[in-house]
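Below is my_file.pdb, holding PDB, C-alpha atoms.
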ATOM      1  CA  MET A 209      -2.279  19.309   9.050
ATOM      2  CA  ASN A 210      -2.069  16.477  11.551
ATOM      3  CA  TRP A 211      -3.696  13.156  10.784
ATOM      4  CA  LYS A 212      -4.812  10.742  13.494
ATOM      5  CA  PHE A 213      -4.410   7.000  13.049
ATOM      6  CA  GLY A 214      -5.611   5.464  16.290
ATOM      7  CA  LYS A 215      -3.165   6.627  18.954
ATOM      8  CA  ALA A 216      -0.656   7.985  16.441
ATOM      9  CA  GLU A 217      -0.731  11.521  15.097
ATOM     10  CA  TYR A 218       1.280  12.409  11.987
ATOM     11  CA  ASP A 219       1.799  15.511   9.913
ATOM     12  CA  LEU A 220       2.038  13.715   6.587
ATOM     13  CA  ARG A 221       3.415  16.828   4.872
ATOM     14  CA  SER A 222       6.357  17.183   7.247
ATOM     15  CA  ARG A 223       8.588  14.342   5.964
ATOM     16  CA  THR A 224       8.428  11.053   4.084
ATOM     17  CA  PHE A 225       6.650   8.290   5.984
ATOM     18  CA  ILE A 226       7.417   4.585   5.649
ATOM     19  CA  MET A 227       4.886   1.743   5.464
ATOM     20  CA  GLY A 228       6.249  -1.757   5.972
ATOM     21  CA  ILE A 229       4.721  -4.671   4.040
ATOM     22  CA  LEU A 230       3.630  -7.820   5.887
ATOM     23  CA  ASN A 231       2.079 -10.279   3.435
ATOM     24  CA  ILE A 232       0.512 -13.319   5.091
ATOM     25  CA  THR A 233       0.318 -15.267   1.836
ATOM     26  CA  PRO A 234       1.928 -18.296   0.195
ATOM     27  CA  ASP A 235       2.195 -16.667  -3.221
ATOM     28  CA  SER A 236       2.950 -12.939  -3.103
ATOM     29  CA  PHE A 237       5.451 -12.001  -5.803
ATOM     30  CA  SER A 238       8.253 -11.102  -3.402
ATOM     31  CA  ASP A 239       7.698 -12.574   0.056
ATOM     32  CA  GLY A 240       5.148 -15.317  -0.533
ATOM     33  CA  GLY A 241       5.477 -18.107   2.035
ATOM     34  CA  LYS A 242       7.527 -16.053   4.456
ATOM     35  CA  TYR A 243       4.668 -15.823   6.942
ATOM     36  CA  PHE A 244       2.254 -18.429   5.580
ATOM     37  CA  ASP A 245       3.065 -21.953   4.403
ATOM     38  CA  GLY A 246      -0.285 -23.648   4.878
ATOM     39  CA  LYS A 247      -0.690 -22.067   8.283
ATOM     40  CA  VAL A 248       0.149 -18.656   9.671
ATOM     41  CA  ARG A 249       3.692 -18.312  11.001
ATOM     42  CA  LEU A 250       2.450 -15.981  13.702
ATOM     43  CA  ASP A 251       5.634 -15.672  15.748
ATOM     44  CA  LYS A 252       7.686 -14.793  12.655
ATOM     45  CA  ALA A 253       5.123 -12.243  11.439
ATOM     46  CA  ILE A 254       4.958 -10.505  14.814
ATOM     47  CA  GLN A 255       8.735 -10.559  15.239
ATOM     48  CA  ASP A 256       9.268  -8.979  11.824
ATOM     49  CA  GLY A 257       6.486  -6.459  12.392
ATOM     50  CA  MET A 258       8.149  -5.345  15.616
ATOM     51  CA  GLN A 259      11.475  -5.124  13.803
ATOM     52  CA  MET A 260       9.890  -2.896  11.160
ATOM     53  CA  GLU A 261       8.898  -0.470  13.887
ATOM     54  CA  LYS A 262      12.457  -0.499  15.272
ATOM     55  CA  ASP A 263      13.815   0.080  11.760
ATOM     56  CA  GLY A 264      11.726   3.217  11.347
ATOM     57  CA  ALA A 265       8.371   2.159   9.911
ATOM     58  CA  ASP A 266       5.501   4.552  10.567
ATOM     59  CA  PHE A 267       2.822   2.069   9.427
ATOM     60  CA  ILE A 268       2.543  -1.679   8.843
ATOM     61  CA  ASP A 269       0.313  -2.969   6.056
ATOM     62  CA  VAL A 270      -1.010  -6.505   6.567
ATOM     63  CA  GLY A 271      -2.420  -8.433   3.605
ATOM     64  CA  GLY A 272      -3.785 -11.960   3.258
ATOM     65  CA  GLU A 273      -4.477 -12.278  -0.464
ATOM     66  CA  SER A 274      -1.826 -12.011  -3.150
ATOM     67  CA  THR A 275      -2.649  -9.424  -5.814
ATOM     68  CA  ARG A 276       0.357 -10.157  -8.007
ATOM     69  CA  PRO A 277      -0.343 -10.368 -11.751
ATOM     70  CA  GLY A 278      -2.246 -13.540 -12.579
ATOM     71  CA  SER A 279      -3.181 -14.310  -8.988
ATOM     72  CA  GLU A 280      -6.393 -16.110  -8.102
ATOM     73  CA  LYS A 281      -8.933 -14.929  -5.560
ATOM     74  CA  ILE A 282      -9.194 -16.682  -2.216
ATOM     75  CA  THR A 283     -12.273 -17.034  -0.047
ATOM     76  CA  ILE A 284     -13.216 -14.573   2.651
ATOM     77  CA  ASP A 285     -12.692 -17.244   5.311
ATOM     78  CA  GLU A 286      -9.194 -18.019   4.022
ATOM     79  CA  GLU A 287      -8.255 -14.357   4.103
ATOM     80  CA  LEU A 288      -9.653 -13.896   7.596
ATOM     81  CA  GLU A 289      -7.758 -16.936   8.889
ATOM     82  CA  ARG A 290      -4.515 -15.416   7.634
ATOM     83  CA  VAL A 291      -4.777 -11.796   8.729
ATOM     84  CA  ILE A 292      -6.898 -11.580  11.869
ATOM     85  CA  PRO A 293      -4.526 -13.474  14.217
ATOM     86  CA  VAL A 294      -1.655 -11.302  12.999
ATOM     87  CA  ILE A 295      -3.503  -7.989  13.335
ATOM     88  CA  SER A 296      -4.959  -8.917  16.724
ATOM     89  CA  LEU A 297      -1.514  -9.600  18.203
ATOM     90  CA  LEU A 298       0.549  -7.106  16.229
ATOM     91  CA  THR A 299      -1.562  -4.137  17.303
ATOM     92  CA  LYS A 300      -0.769  -5.061  20.900
ATOM     93  CA  LYS A 301       2.964  -5.291  20.230
ATOM     94  CA  VAL A 302       3.659  -2.134  18.198
ATOM     95  CA  ASN A 303       2.857   1.523  18.713
ATOM     96  CA  ILE A 304       2.428   2.393  15.044
ATOM     97  CA  PRO A 305      -0.779   2.180  12.985
ATOM     98  CA  VAL A 306      -1.662  -1.057  11.217
ATOM     99  CA  SER A 307      -3.570  -1.149   7.942
ATOM    100  CA  ILE A 308      -5.467  -4.002   6.313
ATOM    101  CA  ASP A 309      -4.792  -4.559   2.628
ATOM    102  CA  THR A 310      -8.142  -5.823   1.329
ATOM    103  CA  TYR A 311     -10.955  -4.930  -1.045
ATOM    104  CA  LYS A 312     -13.472  -7.171   0.773
ATOM    105  CA  HIS A 313     -15.705  -5.460   3.302
ATOM    106  CA  GLU A 314     -16.074  -8.615   5.423
ATOM    107  CA  VAL A 315     -12.289  -8.765   5.901
ATOM    108  CA  ALA A 316     -12.018  -5.028   6.532
ATOM    109  CA  GLU A 317     -14.760  -5.236   9.166
ATOM    110  CA  GLU A 318     -12.990  -7.914  11.204
ATOM    111  CA  ALA A 319      -9.567  -6.335  10.750
ATOM    112  CA  LEU A 320     -10.813  -2.983  12.047
ATOM    113  CA  LYS A 321     -12.409  -4.722  15.014
ATOM    114  CA  ALA A 322      -9.051  -6.427  15.638
ATOM    115  CA  GLY A 323      -7.204  -3.103  15.812
ATOM    116  CA  ALA A 324      -6.390  -1.966  12.266
ATOM    117  CA  VAL A 325      -7.120   1.712  11.627
ATOM    118  CA  ILE A 326      -6.627   1.987   7.849
ATOM    119  CA  VAL A 327      -8.230   0.135   4.926
ATOM    120  CA  ASN A 328      -5.910  -0.176   1.921
ATOM    121  CA  ASP A 329      -8.149  -0.990  -1.070
ATOM    122  CA  ILE A 330      -6.385  -1.830  -4.351
ATOM    123  CA  SER A 331      -9.553  -1.032  -6.283
ATOM    124  CA  GLY A 332     -10.281   2.356  -4.751
ATOM    125  CA  PHE A 333     -13.639   0.995  -3.486
ATOM    126  CA  ARG A 334     -14.655  -0.241  -6.964
ATOM    127  CA  PHE A 335     -14.665  -4.007  -6.331
ATOM    128  CA  ASP A 336     -16.841  -3.793  -3.208
ATOM    129  CA  ILE A 337     -18.615  -0.526  -2.412
ATOM    130  CA  GLU A 338     -19.456  -1.848   1.065
ATOM    131  CA  ASN A 339     -15.765  -1.553   1.869
ATOM    132  CA  ALA A 340     -16.250   2.213   1.902
ATOM    133  CA  GLU A 341     -19.264   1.843   4.175
ATOM    134  CA  VAL A 342     -17.359  -0.315   6.654
ATOM    135  CA  THR A 343     -14.382   2.070   6.619
ATOM    136  CA  ALA A 344     -16.666   4.994   7.425
ATOM    137  CA  GLU A 345     -18.559   3.136  10.140
ATOM    138  CA  HIS A 346     -15.294   2.518  11.981
ATOM    139  CA  ASP A 347     -14.062   6.071  11.380
ATOM    140  CA  ALA A 348     -11.004   4.536   9.719
ATOM    141  CA  SER A 349      -8.712   6.064   7.131
ATOM    142  CA  CYS A 350      -8.389   4.667   3.622
ATOM    143  CA  ILE A 351      -5.811   4.233   0.881
ATOM    144  CA  LEU A 352      -7.387   4.364  -2.563
ATOM    145  CA  MET A 353      -5.372   2.743  -5.340
ATOM    146  CA  HIS A 354      -5.827   2.704  -9.102
ATOM    147  CA  ILE A 355      -6.065  -0.620 -10.899
ATOM    148  CA  LYS A 356      -6.994  -1.426 -14.482
ATOM    149  CA  GLY A 357      -8.754  -4.795 -14.606
ATOM    150  CA  THR A 358      -8.312  -7.351 -11.834
ATOM    151  CA  PRO A 359      -5.141  -8.952 -10.448
ATOM    152  CA  LYS A 360      -5.813 -12.032 -12.594
ATOM    153  CA  ASP A 361      -5.962 -10.144 -15.915
ATOM    154  CA  MET A 362      -4.522  -6.684 -15.268
ATOM    155  CA  GLN A 363      -1.223  -7.289 -17.066
ATOM    156  CA  GLU A 364      -2.795  -8.696 -20.229
ATOM    157  CA  ASN A 365      -1.865  -5.808 -22.529
ATOM    158  CA  PRO A 366      -3.246  -2.820 -20.581
ATOM    159  CA  VAL A 367      -3.864   0.151 -22.895
ATOM    160  CA  TYR A 368      -4.195   3.852 -22.063
ATOM    161  CA  ASP A 369      -4.667   6.929 -24.208
ATOM    162  CA  GLU A 370      -3.170   9.159 -21.493
ATOM    163  CA  VAL A 371      -2.142   7.156 -18.452
ATOM    164  CA  VAL A 372      -1.616  10.112 -16.085
ATOM    165  CA  ARG A 373      -4.986  11.678 -16.880
ATOM    166  CA  GLU A 374      -6.851   8.359 -16.712
ATOM    167  CA  VAL A 375      -5.324   7.370 -13.372
ATOM    168  CA  TYR A 376      -5.989  10.877 -12.033
ATOM    169  CA  ASP A 377      -9.656  10.727 -13.057
ATOM    170  CA  TYR A 378     -10.079   7.257 -11.565
ATOM    171  CA  LEU A 379      -8.629   8.369  -8.233
ATOM    172  CA  LYS A 380     -10.762  11.500  -8.226
ATOM    173  CA  GLU A 381     -13.875   9.347  -8.607
ATOM    174  CA  SER A 382     -12.692   7.058  -5.805
ATOM    175  CA  ILE A 383     -12.129  10.083  -3.576
ATOM    176  CA  ASP A 384     -15.689  11.182  -4.319
ATOM    177  CA  ILE A 385     -16.955   7.718  -3.342
ATOM    178  CA  ALA A 386     -15.037   7.837  -0.062
ATOM    179  CA  GLY A 387     -16.264  11.358   0.603
ATOM    180  CA  SER A 388     -19.870  10.379  -0.022
ATOM    181  CA  PHE A 389     -19.604   7.925   2.871
ATOM    182  CA  GLY A 390     -18.030  10.540   5.136
ATOM    183  CA  ILE A 391     -14.501   9.127   5.211
ATOM    184  CA  ARG A 392     -12.309  11.986   6.377
ATOM    185  CA  GLN A 393      -8.727  10.781   5.925
ATOM    186  CA  ILE A 394      -7.986   9.666   2.360
ATOM    187  CA  ILE A 395      -4.623   8.674   0.871
ATOM    188  CA  THR A 396      -4.137   8.009  -2.853
ATOM    189  CA  ASP A 397      -1.940   5.490  -4.689
ATOM    190  CA  VAL A 398      -1.346   5.503  -8.473
ATOM    191  CA  GLY A 399      -1.005   1.710  -8.447
ATOM    192  CA  ILE A 400       2.422   1.080  -9.921
ATOM    193  CA  GLY A 401       2.335  -2.327 -11.636
ATOM    194  CA  PHE A 402      -1.423  -2.787 -11.371
ATOM    195  CA  GLY A 403      -2.621  -2.905 -14.958
ATOM    196  CA  LYS A 404       0.349  -0.978 -16.304
ATOM    197  CA  LEU A 405       3.268  -1.653 -18.609
ATOM    198  CA  PRO A 406       6.760  -0.453 -17.624
ATOM    199  CA  ASP A 407       6.417   2.752 -19.657
ATOM    200  CA  HIS A 408       3.120   3.521 -17.915
ATOM    201  CA  ASN A 409       4.808   3.138 -14.512
ATOM    202  CA  ILE A 410       7.670   5.409 -15.526
ATOM    203  CA  GLU A 411       5.271   8.039 -16.872
ATOM    204  CA  LEU A 412       3.376   8.030 -13.582
ATOM    205  CA  LEU A 413       6.604   8.379 -11.606
ATOM    206  CA  ARG A 414       7.664  11.306 -13.792
ATOM    207  CA  ASN A 415       4.332  13.019 -13.148
ATOM    208  CA  LEU A 416       3.669  12.053  -9.543
ATOM    209  CA  GLY A 417       3.365  15.702  -8.574
ATOM    210  CA  LYS A 418       0.147  15.905 -10.598
ATOM    211  CA  PHE A 419      -1.585  13.745  -8.011
ATOM    212  CA  GLN A 420      -0.913  16.263  -5.265
ATOM    213  CA  GLU A 421      -3.556  18.346  -7.038
ATOM    214  CA  LEU A 422      -6.131  15.910  -5.649
ATOM    215  CA  ASN A 423      -5.327  17.478  -2.243
ATOM    216  CA  HIS A 424      -4.705  14.176  -0.500
ATOM    217  CA  PRO A 425      -1.430  12.566   0.575
ATOM    218  CA  VAL A 426       0.180  10.292  -2.003
ATOM    219  CA  LEU A 427       1.441   6.788  -1.242
ATOM    220  CA  LEU A 428       3.968   5.218  -3.606
ATOM    221  CA  GLY A 429       4.414   1.450  -3.930
ATOM    222  CA  VAL A 430       7.332   0.494  -6.172
ATOM    223  CA  SER A 431       9.086  -1.954  -3.858
ATOM    224  CA  ARG A 432      10.777  -4.806  -5.779
ATOM    225  CA  LYS A 433       8.273  -4.563  -8.647
ATOM    226  CA  SER A 434       8.880  -6.124 -12.034
ATOM    227  CA  PHE A 435       9.192  -2.878 -14.005
ATOM    228  CA  LEU A 436      12.555  -2.446 -12.275
ATOM    229  CA  ASN A 437      13.657  -5.711 -13.867
ATOM    230  CA  LYS A 438      12.855  -4.245 -17.297
ATOM    231  CA  ILE A 439      15.190  -1.335 -16.582
ATOM    232  CA  TYR A 440      17.999  -3.347 -15.029
ATOM    233  CA  PRO A 441      17.604  -7.156 -15.066
ATOM    234  CA  SER A 442      17.464  -8.414 -11.490
ATOM    235  CA  ASP A 443      15.755 -11.089  -9.445
ATOM    236  CA  THR A 444      12.953 -10.004  -7.139
ATOM    237  CA  ASP A 445      15.137 -10.040  -4.022
ATOM    238  CA  GLU A 446      17.879  -8.058  -5.773
ATOM    239  CA  ARG A 447      15.869  -4.929  -6.556
ATOM    240  CA  LEU A 448      16.670  -2.866  -3.471
ATOM    241  CA  GLU A 449      18.820  -0.341  -5.321
ATOM    242  CA  GLY A 450      16.199   0.132  -8.032
ATOM    243  CA  THR A 451      13.488   0.455  -5.409
ATOM    244  CA  ILE A 452      15.404   3.148  -3.558
ATOM    245  CA  ALA A 453      16.147   5.054  -6.773
ATOM    246  CA  ALA A 454      12.481   5.051  -7.785
ATOM    247  CA  ASN A 455      11.391   6.003  -4.275
ATOM    248  CA  VAL A 456      13.752   8.969  -4.123
ATOM    249  CA  ILE A 457      12.422  10.174  -7.471
ATOM    250  CA  GLY A 458       8.956   9.715  -5.997
ATOM    251  CA  ILE A 459       9.843  11.794  -2.945
ATOM    252  CA  ALA A 460      11.099  14.573  -5.195
ATOM    253  CA  GLY A 461       7.808  14.325  -7.079
ATOM    254  CA  GLY A 462       5.652  14.625  -4.001
ATOM    255  CA  ALA A 463       5.207  11.165  -2.459
ATOM    256  CA  ASN A 464       4.269  11.360   1.218
ATOM    257  CA  ILE A 465       4.372   7.646   2.087
ATOM    258  CA  LEU A 466       6.526   4.830   0.715
ATOM    259  CA  ARG A 467       5.186   1.276   0.929
ATOM    260  CA  VAL A 468       8.233  -1.007   1.112
ATOM    261  CA  HIS A 469       9.573  -4.448   1.964
ATOM    262  CA  ASP A 470      12.966  -3.165   3.152
ATOM    263  CA  VAL A 471      12.117  -0.649   5.839
ATOM    264  CA  ARG A 472      15.540   0.211   7.244
ATOM    265  CA  GLN A 473      17.239   0.884   3.915
ATOM    266  CA  ASN A 474      14.370   2.925   2.488
ATOM    267  CA  LYS A 475      14.042   4.878   5.729
ATOM    268  CA  LYS A 476      17.690   5.934   5.478
ATOM    269  CA  ALA A 477      17.331   6.929   1.830
ATOM    270  CA  ALA A 478      14.146   8.889   2.544
ATOM    271  CA  SER A 479      15.821  10.731   5.424
ATOM    272  CA  VAL A 480      18.621  11.902   3.115
ATOM    273  CA  ALA A 481      16.153  12.898   0.388
ATOM    274  CA  ASP A 482      14.051  14.824   2.898
ATOM    275  CA  LYS A 483      17.085  16.693   4.194
ATOM    276  CA  ILE A 484      17.996  17.830   0.686
ATOM    277  CA  LEU A 485      14.488  18.528  -0.641
ATOM    278  CA  ARG A 486      12.675  19.985   2.369
ATOM    279  CA  LYS A 487      13.575  23.361   3.848
TER     280      LYS A 487
END
Whole structure, structure tokens version:
Amino acid sequence: MNWKFGKAEYDLRSRTFIMGILNITPDSFSDGGKYFDGKVRLDKAIQDGMQMEKDGADFIDVGGESTRPGSEKITIDEELERVIPVISLLTKKVNIPVSIDTYKHEVAEEALKAGAVIVNDISGFRFDIENAEVTAEHDASCILMHIKGTPKDMQENPVYDEVVREVYDYLKESIDIAGSFGIRQIITDVGIGFGKLPDHNIELLRNLGKFQELNHPVLLGVSRKSFLNKIYPSDTDERLEGTIAANVIGIAGGANILRVHDVRQNKKAASVADKILRK
């Protein structure tokens, strides 16, 4: 089945697709300040976005609010000031789809007008139901993620009876919400690190294939996350090997899209995994 994202058309079941991360924030856990240090470093963001495409990215995900554990909300105006200049220019410079990473419908609205074609909502449309409405009105695609709590409090001792079942049920409800608004192209994300302890993340990775039963493509976001540090102590910028290992396990388990900071390296690893796993 081919999916259309603006001018691009992808068969998301044919291989592993790569989504590059472009965080226009001062405080993201891995790349905070790289593209925003009080003002948007527009030239740097566009240059790196173009390089992601050259390195093999199939999508670029632009975000303006950090959702790392303990992070504080920012205003709608602040978020708009960060992401809209980047999306407006980037969509003119690359030939791959751009997504907006936001749970706020006001930000999604302006980002879609600026050229984004996907809304990546960390709450699966739970924080702001109007985000689903805006996505549908623009005939955009969506990524629905699971989160337990909010970014500010999600890592304060999250508890599950059965993490795989609970995440599955949450995503199923989010899919139903998206469907009720007429959104046609839905991608799911189990939300590694969002209200989950390391053992929860590992359990989800071991059972990623379960989420294919939802009959929607699965996005996996493990890039540089702190659970890797619990397995093998490493600073945030030294987690490439752990990221690749987890991503390859994810591919074997059914991941269709990998959301990553290091596009080139993960693209190479995914190509090898695809060659071995796909007939």
Residue neighbourhood A:Ile395, 7 Å, all atoms listed in the file, exclusion window fewer than 4 positions, as an mmCIF file with C-alpha atoms, in the frame of the given file:
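Writing done, so here's out31.cif:
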data_model
loop_
_atom_site.group_PDB
_atom_site.id
_atom_site.type_symbol
_atom_site.label_atom_id
_atom_site.label_comp_id
_atom_site.auth_asym_id
_atom_site.auth_seq_id
_atom_site.Cartn_x
_atom_site.Cartn_y
_atom_site.Cartn_z
ATOM 1 C CA CYS A 350 -8.389 4.667 3.622
ATOM 2 C CA ILE A 351 -5.811 4.233 0.881
ATOM 3 C CA LEU A 352 -7.387 4.364 -2.563
ATOM 4 C CA HIS A 424 -4.705 14.176 -0.500
ATOM 5 C CA PRO A 425 -1.430 12.566 0.575
ATOM 6 C CA VAL A 426 0.180 10.292 -2.003
ATOM 7 C CA LEU A 427 1.441 6.788 -1.242
#
Counting only C-alpha atoms, figure out which residue out of A:Gly332, A:Gly264, A:Pro234, A:Gly357 gets nearest to A:Asn474.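 Using only C-alpha atoms, the shortest distance to A:Asn474 belongs to A:Gly264.
Between A:Val327 and the residues A:Ala386, A:Ile465, A:Ile459, A:Ile355, the shortest atom-to-atom distance, using all atoms listed in the file, involves A:Ala386.
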Would you kindly return, as a list in words, each protein, DNA or RNA residue with an atom no farther than 10 Å from any atom of A:Ser349, considering all atoms listed in the file and excluding same-chain residues fewer than 2 positions away?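 Final neighbour list, sorted by chain and number: Trp211, Lys212, Phe213, Gly214, Ser307, Ala324, Val325, Ile326, Val327, Asn328, Ala340, Thr343, Ala344, His346, Asp347, Ile351, Leu352, Ala386, Ile391, Arg392, Gln393, Ile394 and Ile395 of chain A.
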To one decimal in Å, tell me the separation between atom CA of A:Ala481 and atom CA of A:Ala453. 10.6 Å
Run the PyMOL selection byres ((chain A and resi 400) around 10) on the file and write out the hits as a PyMOL selection string. chain A and resi 353-355+397-399+401-406+408-410+412-413+428-431+433-435
For the point (-6.9, -10.8, -6.4) in file coordinates, what residues are within 10 Å, counting all atoms listed in the file? Give the answer as a PyMOL selection string? chain A and resi 273-282+310-311+330+358-361
Would you kindly return, as JSON, numbers by chain, each protein, DNA or RNA residue with an atom no farther than 9 Å from any atom of A:Ile284, considering only C-alpha atoms and excluding same-chain residues fewer than 5 positions away? {"A": [289, 312, 314, 315]}
Limited to C-alpha atoms, could you put the picked residues into a file as a short mmCIF file (atom, residue, chain, number, x, y, z; two decimals), in the frame of the given file?
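Dumped to result_22.cif:
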data_model
loop_
_atom_site.label_atom_id
_atom_site.label_comp_id
_atom_site.auth_asym_id
_atom_site.auth_seq_id
_atom_site.Cartn_x
_atom_site.Cartn_y
_atom_site.Cartn_z
CA GLU A 289 -7.76 -16.94 8.89
CA LYS A 312 -13.47 -7.17 0.77
CA GLU A 314 -16.07 -8.62 5.42
CA VAL A 315 -12.29 -8.76 5.90
#
Atom CA of A:Glu286 to atom CA of A:Leu250: how many Å, to one decimal?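 Result for atom CA of A:Glu286 versus atom CA of A:Leu250: 15.3 Å, one decimal.
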Pick out the residues sitting within 12 Å of stretch 446-448 of chain A, and hand them over as a VMD selection string; count all atoms listed in the file, and ignore anything fewer than 5 positions along from it in its own chain. chain A and resid 238 430 to 441 453 to 455 468 to 474 477
Fill-in result for stretch 354-368 of chain A, N, CA and C atoms as an mmCIF file, keeping the file's coordinate frame:
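Output below, filename rebuild.cif:
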data_model
loop_
_atom_site.group_PDB
_atom_site.id
_atom_site.type_symbol
_atom_site.label_atom_id
_atom_site.label_comp_id
_atom_site.auth_asym_id
_atom_site.auth_seq_id
_atom_site.Cartn_x
_atom_site.Cartn_y
_atom_site.Cartn_z
ATOM 1 N N HIS A 354 -5.336 2.927 -7.745
ATOM 2 C CA HIS A 354 -5.827 2.704 -9.102
ATOM 3 C C HIS A 354 -5.418 1.326 -9.586
ATOM 4 N N ILE A 355 -6.352 0.643 -10.237
ATOM 5 C CA ILE A 355 -6.065 -0.620 -10.899
ATOM 6 C C ILE A 355 -6.851 -0.654 -12.201
ATOM 7 N N LYS A 356 -6.282 -1.226 -13.221
ATOM 8 C CA LYS A 356 -6.994 -1.426 -14.482
ATOM 9 C C LYS A 356 -7.205 -2.930 -14.644
ATOM 10 N N GLY A 357 -8.462 -3.373 -14.577
ATOM 11 C CA GLY A 357 -8.754 -4.795 -14.606
ATOM 12 C C GLY A 357 -8.755 -5.379 -13.211
ATOM 13 N N THR A 358 -8.412 -6.650 -13.116
ATOM 14 C CA THR A 358 -8.312 -7.351 -11.834
ATOM 15 C C THR A 358 -6.913 -7.955 -11.744
ATOM 16 N N PRO A 359 -6.475 -8.348 -10.542
ATOM 17 C CA PRO A 359 -5.141 -8.952 -10.448
ATOM 18 C C PRO A 359 -4.923 -10.103 -11.432
ATOM 19 N N LYS A 360 -5.967 -10.887 -11.700
ATOM 20 C CA LYS A 360 -5.813 -12.032 -12.594
ATOM 21 C C LYS A 360 -5.496 -11.612 -14.031
ATOM 22 N N ASP A 361 -6.110 -10.508 -14.493
ATOM 23 C CA ASP A 361 -5.962 -10.144 -15.915
ATOM 24 C C ASP A 361 -5.331 -8.784 -16.169
ATOM 25 N N MET A 362 -4.918 -8.084 -15.114
ATOM 26 C CA MET A 362 -4.522 -6.684 -15.268
ATOM 27 C C MET A 362 -3.289 -6.467 -16.145
ATOM 28 N N GLN A 363 -2.437 -7.469 -16.265
ATOM 29 C CA GLN A 363 -1.223 -7.289 -17.066
ATOM 30 C C GLN A 363 -1.351 -7.870 -18.478
ATOM 31 N N GLU A 364 -2.568 -8.192 -18.879
ATOM 32 C CA GLU A 364 -2.795 -8.696 -20.229
ATOM 33 C C GLU A 364 -3.000 -7.525 -21.190
ATOM 34 N N ASN A 365 -1.882 -6.909 -21.561
ATOM 35 C CA ASN A 365 -1.865 -5.808 -22.529
ATOM 36 C C ASN A 365 -2.748 -4.623 -22.119
ATOM 37 N N PRO A 366 -2.479 -4.011 -20.966
ATOM 38 C CA PRO A 366 -3.246 -2.820 -20.581
ATOM 39 C C PRO A 366 -2.946 -1.653 -21.530
ATOM 40 N N VAL A 367 -3.990 -0.941 -21.931
ATOM 41 C CA VAL A 367 -3.864 0.151 -22.895
ATOM 42 C C VAL A 367 -4.446 1.432 -22.297
ATOM 43 N N TYR A 368 -3.730 2.534 -22.485
ATOM 44 C CA TYR A 368 -4.195 3.852 -22.063
ATOM 45 C C TYR A 368 -4.015 4.831 -23.216
#
